[in-house]
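Enquirer: Contents of work.cif (mmCIF, C-alpha atoms) are below:
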```cif
data_entry
loop_
_atom_site.group_PDB
_atom_site.id
_atom_site.type_symbol
_atom_site.label_atom_id
_atom_site.label_comp_id
_atom_site.auth_asym_id
_atom_site.auth_seq_id
_atom_site.Cartn_x
_atom_site.Cartn_y
_atom_site.Cartn_z
ATOM 1 C CA MET J 1 116.158 97.150 92.675
ATOM 2 C CA LEU J 2 119.016 98.963 90.908
ATOM 3 C CA ASP J 3 120.232 95.646 89.546
ATOM 4 C CA SER J 4 116.712 94.829 88.304
ATOM 5 C CA SER J 5 116.451 98.233 86.663
ATOM 6 C CA LEU J 6 119.776 97.889 84.856
ATOM 7 C CA ARG J 7 119.033 94.328 83.723
ATOM 8 C CA ALA J 8 115.586 95.349 82.478
ATOM 9 C CA THR J 9 117.079 98.286 80.585
ATOM 10 C CA VAL J 10 119.703 96.153 78.871
ATOM 11 C CA ARG J 11 117.139 93.494 77.924
ATOM 12 C CA ASN J 12 114.655 96.036 76.549
ATOM 13 C CA PHE J 13 116.952 98.819 75.404
ATOM 14 C CA SER J 14 115.858 98.875 71.764
ATOM 15 C CA THR J 15 112.163 99.020 72.662
ATOM 16 C CA LEU J 16 112.685 101.765 75.254
ATOM 17 C CA PHE J 17 114.944 103.621 72.808
ATOM 18 C CA LEU J 18 112.202 103.605 70.141
ATOM 19 C CA LEU J 19 109.589 104.589 72.727
ATOM 20 C CA VAL J 20 111.537 107.775 73.469
ATOM 21 C CA LEU J 21 112.729 108.436 69.918
ATOM 22 C CA VAL J 22 109.146 108.780 68.676
ATOM 23 C CA ILE J 23 108.778 111.905 70.840
ATOM 24 C CA VAL J 24 112.227 113.465 70.792
ATOM 25 C CA LEU J 25 113.085 113.154 67.106
ATOM 26 C CA PRO J 26 110.323 115.510 65.879
ATOM 27 C CA LEU J 27 110.973 117.938 68.741
ATOM 28 C CA HIS J 28 114.686 118.169 68.003
ATOM 29 C CA LEU J 29 114.219 118.387 64.243
ATOM 30 C CA ILE J 30 111.805 121.299 64.742
ATOM 31 C CA TYR J 31 114.260 122.966 67.126
ATOM 32 C CA ALA J 32 117.141 122.439 64.703
ATOM 33 C CA TYR J 33 115.088 123.797 61.804
ATOM 34 C CA VAL J 34 114.128 126.932 63.747
ATOM 35 C CA PHE J 35 117.809 127.577 64.465
ATOM 36 C CA HIS J 36 119.235 126.191 61.215
ATOM 37 C CA ASP J 37 121.189 129.417 60.616
ATOM 38 C CA VAL J 38 122.868 129.007 64.005
ATOM 39 C CA PHE J 39 124.001 125.459 63.154
ATOM 40 C CA THR J 40 125.231 126.542 59.722
ATOM 41 C CA VAL J 41 127.885 128.759 61.354
ATOM 42 C CA SER J 42 128.642 126.521 64.343
ATOM 43 C CA GLU J 43 132.407 126.922 63.938
ATOM 44 C CA LEU J 44 132.021 130.701 64.454
ATOM 45 C CA HIS J 45 129.910 130.681 67.625
ATOM 46 C CA THR J 46 132.716 131.963 69.849
ATOM 47 C CA GLN J 47 133.392 134.933 67.574
ATOM 48 C CA ILE J 48 129.688 135.676 67.023
ATOM 49 C CA ALA J 49 129.052 135.723 70.771
ATOM 50 C CA GLN J 50 131.581 138.554 71.095
ATOM 51 C CA LEU J 51 130.097 140.752 68.350
ATOM 52 C CA PRO J 52 129.002 144.204 69.491
ATOM 53 C CA GLY J 53 125.447 145.483 69.062
ATOM 54 C CA LYS J 54 123.296 143.957 66.366
ATOM 55 C CA ARG J 55 126.130 142.811 64.116
ATOM 56 C CA GLN J 56 125.658 139.414 62.517
ATOM 57 C CA VAL J 57 127.498 136.773 60.565
ATOM 58 C CA HIS J 58 125.324 135.022 57.950
ATOM 59 C CA ASP J 59 122.187 136.338 59.681
ATOM 60 C CA VAL J 60 123.304 135.034 63.091
ATOM 61 C CA GLY J 61 124.047 137.397 65.947
ATOM 62 C CA PRO J 62 124.730 137.020 69.665
ATOM 63 C CA GLN J 63 121.004 137.158 70.448
ATOM 64 C CA ASP J 64 120.349 134.214 68.101
ATOM 65 C CA LEU J 65 122.939 132.163 69.998
ATOM 66 C CA ARG J 66 121.303 133.053 73.329
ATOM 67 C CA ASN J 67 117.849 132.218 71.969
ATOM 68 C CA ALA J 68 119.090 128.816 70.769
ATOM 69 C CA GLN J 69 120.593 128.100 74.203
ATOM 70 C CA ILE J 70 117.417 129.163 76.008
ATOM 71 C CA LEU J 71 115.210 127.055 73.767
ATOM 72 C CA ILE J 72 117.341 123.919 74.138
ATOM 73 C CA VAL J 73 117.042 124.274 77.922
ATOM 74 C CA LEU J 74 113.262 124.691 77.616
ATOM 75 C CA LEU J 75 113.153 121.660 75.344
ATOM 76 C CA GLY J 76 114.991 119.691 78.032
ATOM 77 C CA VAL J 77 112.409 120.813 80.601
ATOM 78 C CA VAL J 78 109.595 119.640 78.294
ATOM 79 C CA GLU J 79 111.334 116.290 77.860
ATOM 80 C CA LEU J 80 111.674 115.909 81.630
ATOM 81 C CA ALA J 81 108.001 116.794 82.053
ATOM 82 C CA LEU J 82 107.085 114.051 79.558
ATOM 83 C CA LEU J 83 109.225 111.485 81.398
ATOM 84 C CA PRO J 84 106.452 110.280 83.769
ATOM 85 C CA VAL J 85 104.065 109.820 80.823
ATOM 86 C CA VAL J 86 106.619 107.842 78.828
ATOM 87 C CA ALA J 87 107.447 105.862 81.993
ATOM 88 C CA ARG J 88 103.884 104.510 81.835
ATOM 89 C CA GLY J 89 104.805 102.938 78.480
ATOM 90 C CA ALA J 90 108.116 101.739 79.905
ATOM 91 C CA GLY J 91 106.179 100.049 82.693
ATOM 92 C CA ARG J 92 104.144 98.227 80.051
ATOM 93 C CA VAL J 93 107.354 97.145 78.295
ATOM 94 C CA LEU J 94 108.797 95.799 81.551
ATOM 95 C CA ALA J 95 105.535 94.042 82.467
ATOM 96 C CA ILE J 96 105.380 92.243 79.121
ATOM 97 C CA ASP J 97 109.063 91.337 79.411
ATOM 98 C CA GLY J 98 108.452 90.027 82.934
ATOM 99 C CA ALA J 99 105.679 87.802 81.578
ATOM 100 C CA ASN J 100 108.172 86.394 79.033
ATOM 101 C CA GLY J 101 106.433 88.232 76.200
ATOM 102 C CA VAL J 102 107.933 90.332 73.445
ATOM 103 C CA PRO J 103 107.356 94.024 74.211
ATOM 104 C CA THR J 104 107.035 96.545 71.396
ATOM 105 C CA ALA J 105 107.148 100.325 71.304
ATOM 106 C CA THR J 106 103.824 100.338 69.435
ATOM 107 C CA ASP J 107 102.116 98.409 72.226
ATOM 108 C CA ALA J 108 103.684 100.706 74.824
ATOM 109 C CA TRP J 109 102.315 103.773 73.024
ATOM 110 C CA ARG J 110 98.869 102.142 72.788
ATOM 111 C CA HIS J 111 99.049 101.614 76.541
ATOM 112 C CA ILE J 112 99.984 105.263 77.133
ATOM 113 C CA VAL J 113 97.051 106.426 74.991
ATOM 114 C CA ALA J 114 94.649 103.969 76.661
ATOM 115 C CA GLN J 115 95.715 105.334 80.041
ATOM 116 C CA HIS J 116 94.976 108.872 78.763
ATOM 117 C CA ALA J 117 98.647 109.790 79.224
ATOM 118 C CA ARG J 118 98.441 109.421 82.997
ATOM 119 C CA PRO J 119 101.880 109.853 84.509
ATOM 120 C CA CYS J 120 103.768 107.009 86.114
ATOM 121 C CA LEU J 121 105.422 108.547 89.146
ATOM 122 C CA PRO J 122 107.792 106.802 91.535
ATOM 123 C CA SER J 123 106.311 106.300 94.978
ATOM 124 C CA PRO J 124 107.388 108.768 97.654
ATOM 125 C CA ARG J 125 109.222 105.867 99.244
ATOM 126 C CA ALA J 126 111.186 105.184 96.082
ATOM 127 C CA ASN J 127 114.745 104.563 96.953
ATOM 128 C CA ALA J 128 117.069 107.382 95.912
ATOM 129 C CA ALA J 129 119.751 104.701 95.720
ATOM 130 C CA VAL J 130 117.989 103.499 92.556
ATOM 131 C CA LEU J 131 116.801 106.737 90.941
ATOM 132 C CA VAL J 132 119.975 108.793 91.440
ATOM 133 C CA PRO J 133 122.410 106.284 89.881
ATOM 134 C CA SER J 134 119.929 105.630 87.077
ATOM 135 C CA ALA J 135 119.646 109.358 86.377
ATOM 136 C CA PHE J 136 123.444 109.631 86.418
ATOM 137 C CA VAL J 137 123.812 106.782 83.906
ATOM 138 C CA ALA J 138 121.085 108.329 81.711
ATOM 139 C CA VAL J 139 122.791 111.726 81.652
ATOM 140 C CA LEU J 140 126.230 110.190 81.089
ATOM 141 C CA VAL J 141 125.069 107.993 78.194
ATOM 142 C CA GLY J 142 123.134 110.876 76.614
ATOM 143 C CA TYR J 143 126.095 113.236 76.966
ATOM 144 C CA LEU J 144 128.565 110.756 75.461
ATOM 145 C CA VAL J 145 126.291 109.894 72.533
ATOM 146 C CA GLU J 146 125.750 113.586 71.789
ATOM 147 C CA ARG J 147 129.468 114.461 71.993
ATOM 148 C CA ILE J 148 130.439 111.515 69.792
ATOM 149 C CA GLY J 149 127.636 112.287 67.343
ATOM 150 C CA LEU J 150 128.634 115.940 67.049
ATOM 151 C CA VAL J 151 132.221 114.896 66.293
ATOM 152 C CA VAL J 152 131.000 112.449 63.633
ATOM 153 C CA ILE J 153 128.805 115.068 61.908
ATOM 154 C CA GLN J 154 131.377 117.864 62.146
ATOM 155 C CA PRO J 155 132.379 117.530 58.471
ATOM 156 C CA LEU J 156 128.728 118.108 57.487
ATOM 157 C CA GLN J 157 128.852 121.882 57.287
ATOM 158 C CA GLY J 158 126.493 123.970 55.250
ATOM 159 C CA GLU J 159 122.827 124.666 54.944
ATOM 160 C CA HIS J 160 121.693 121.123 55.811
ATOM 161 C CA ALA J 161 123.841 120.668 58.931
ATOM 162 C CA TRP J 162 120.787 121.381 61.083
ATOM 163 C CA ILE J 163 119.261 118.002 60.133
ATOM 164 C CA ALA J 164 122.289 116.107 61.421
ATOM 165 C CA VAL J 165 122.373 118.183 64.622
ATOM 166 C CA GLY J 166 118.682 117.524 65.290
ATOM 167 C CA VAL J 167 119.095 113.794 64.698
ATOM 168 C CA VAL J 168 122.181 113.568 66.931
ATOM 169 C CA GLN J 169 120.438 115.437 69.767
ATOM 170 C CA ALA J 170 117.391 113.172 69.486
ATOM 171 C CA LEU J 171 119.513 110.008 69.392
ATOM 172 C CA ALA J 172 121.385 111.172 72.493
ATOM 173 C CA ARG J 173 118.143 111.698 74.430
ATOM 174 C CA ALA J 174 116.724 108.395 73.204
ATOM 175 C CA ALA J 175 119.914 106.544 74.199
ATOM 176 C CA GLY J 176 120.053 108.050 77.681
ATOM 177 C CA ALA J 177 116.396 108.012 78.696
ATOM 178 C CA PRO J 178 115.865 104.215 78.923
ATOM 179 C CA TRP J 179 118.273 103.997 81.859
ATOM 180 C CA LEU J 180 116.064 106.324 83.902
ATOM 181 C CA LEU J 181 112.720 105.159 82.484
ATOM 182 C CA ALA J 182 113.174 101.601 83.712
ATOM 183 C CA ALA J 183 114.039 102.824 87.222
ATOM 184 C CA VAL J 184 111.020 105.159 87.331
ATOM 185 C CA ALA J 185 108.706 102.424 86.056
ATOM 186 C CA LEU J 186 110.013 99.901 88.605
ATOM 187 C CA ALA J 187 109.790 102.442 91.448
ATOM 188 C CA ALA J 188 106.152 103.288 90.680
ATOM 189 C CA PRO J 189 103.493 101.955 93.043
ATOM 190 C CA GLY J 190 102.218 98.575 91.896
ATOM 191 C CA ALA J 191 105.234 97.829 89.698
ATOM 192 C CA ALA J 192 106.192 94.194 89.596
ATOM 193 C CA ARG J 193 109.482 93.558 91.346
ATOM 194 C CA ARG J 194 111.828 91.137 89.593
#
```
Just give me the structure of the file as structure tokens.
Expert:
Amino acid sequence: MLDSSLRATVRNFSTLFLLVLVIVLPLHLIYAYVFHDVFTVSELHTQIAQLPGKRQVHDVGPQDLRNAQILIVLLGVVELALLPVVARGAGRVLAIDGANGVPTATDAWRHIVAQHARPCLPSPRANAAVLVPSAFVAVLVGYLVERIGLVVIQPLQGEHAWIAVGVVQALARAAGAPWLLAAVALAAPGAARR
């Protein structure tokens, strides 16, 4: 089943990528906008974290850095909570692909809405030998895309750096998630085995 999951992900990567990007891009742009001051002084984070009391640099203090870190963790929790709902759309993508059709992200979202956003959960018997490696690949791909993206946008300093940071974070999530989505969709009860 791991082989089927990986093959399905590679075949349908762009569709699964767009399926996830529709959700994560607005979330990460909102997050980046809320903390745009923090991203403007990203090269000074180490020094700002060591400031005593309520001292700030360009309106950013140690508490702002902590708040940004807490919110990005909460955002990750929200994204994980949405995973079973998005997996319903991924299941639709894989079903259409299995029927030799051409799956689209738009059709997958229509399917999610038609199902009233019911989650697609792996069966209790789902093999950890499929879900664990898939989760590892998803995290690894997401991490690498984010690290590479942050290096690429490093020269973009200033008041609009937050846009690039939000886009890079969203692209990283959207690049990593398909590897886990396909495994979850295939491990769900009633999923077609290929």
Enquirer: Taking all atoms listed in the file into account, name the residue in J:Val184, J:Leu144, J:Ile70, J:Val78 that is nearest to J:Ala128.
Expert: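 Distance minimum relative to J:Ala128 lands on J:Val184.
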Enquirer: Using the chain letters and numbering of this document, enumerate as a PyMOL selection string the residues selected by the PyMOL selection byres ((chain J and resi 170-173) around 9).
Expert: chain J and resi 17+20-21+23-29+79+138-139+141-147+149+165-169+174-177
Enquirer: Give as a ChimeraX atom specification the residues that the PyMOL selection byres ((chain J and resi 6) around 12) matches when applied to the coordinates above.
Expert: /J:1-5,7-13,94,130-131,133-135,137-138,178-184,186,194
Enquirer: Nearest to J:Phe35 among J:Ala87, J:Ala161, J:Ile153, J:Val93, with distances taken over only C-alpha atoms: which residue is it?
Expert: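 Closest candidate: J:Ala161.
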Enquirer: Any idea what's packed within 12 Å of J:Ile96, counting all atoms listed in the file, ignoring anything in its chain fewer than 3 positions away? Could you give it as a PDB file with C-alpha atoms, in the coordinates of the input?
Expert:
```pdb
ATOM      1  CA  ALA J   8     115.586  95.349  82.478  1.00  0.00           C
ATOM      2  CA  ARG J  11     117.139  93.494  77.924  1.00  0.00           C
ATOM      3  CA  ASN J  12     114.655  96.036  76.549  1.00  0.00           C
ATOM      4  CA  THR J  15     112.163  99.020  72.662  1.00  0.00           C
ATOM      5  CA  GLY J  89     104.805 102.938  78.480  1.00  0.00           C
ATOM      6  CA  ALA J  90     108.116 101.739  79.905  1.00  0.00           C
ATOM      7  CA  GLY J  91     106.179 100.049  82.693  1.00  0.00           C
ATOM      8  CA  ARG J  92     104.144  98.227  80.051  1.00  0.00           C
ATOM      9  CA  VAL J  93     107.354  97.145  78.295  1.00  0.00           C
ATOM     10  CA  ALA J  99     105.679  87.802  81.578  1.00  0.00           C
ATOM     11  CA  ASN J 100     108.172  86.394  79.033  1.00  0.00           C
ATOM     12  CA  GLY J 101     106.433  88.232  76.200  1.00  0.00           C
ATOM     13  CA  VAL J 102     107.933  90.332  73.445  1.00  0.00           C
ATOM     14  CA  PRO J 103     107.356  94.024  74.211  1.00  0.00           C
ATOM     15  CA  THR J 104     107.035  96.545  71.396  1.00  0.00           C
ATOM     16  CA  ALA J 105     107.148 100.325  71.304  1.00  0.00           C
ATOM     17  CA  ASP J 107     102.116  98.409  72.226  1.00  0.00           C
ATOM     18  CA  ALA J 108     103.684 100.706  74.824  1.00  0.00           C
ATOM     19  CA  HIS J 111      99.049 101.614  76.541  1.00  0.00           C
ATOM     20  CA  ALA J 191     105.234  97.829  89.698  1.00  0.00           C
ATOM     21  CA  ALA J 192     106.192  94.194  89.596  1.00  0.00           C
TER      22      ALA J 192
END
```
Enquirer: For this file, the PyMOL selection byres ((chain J and resi 118) around 10) selects which residues, as a VMD selection string?
Expert: chain J and resid 84 to 88 112 to 117 119 to 121
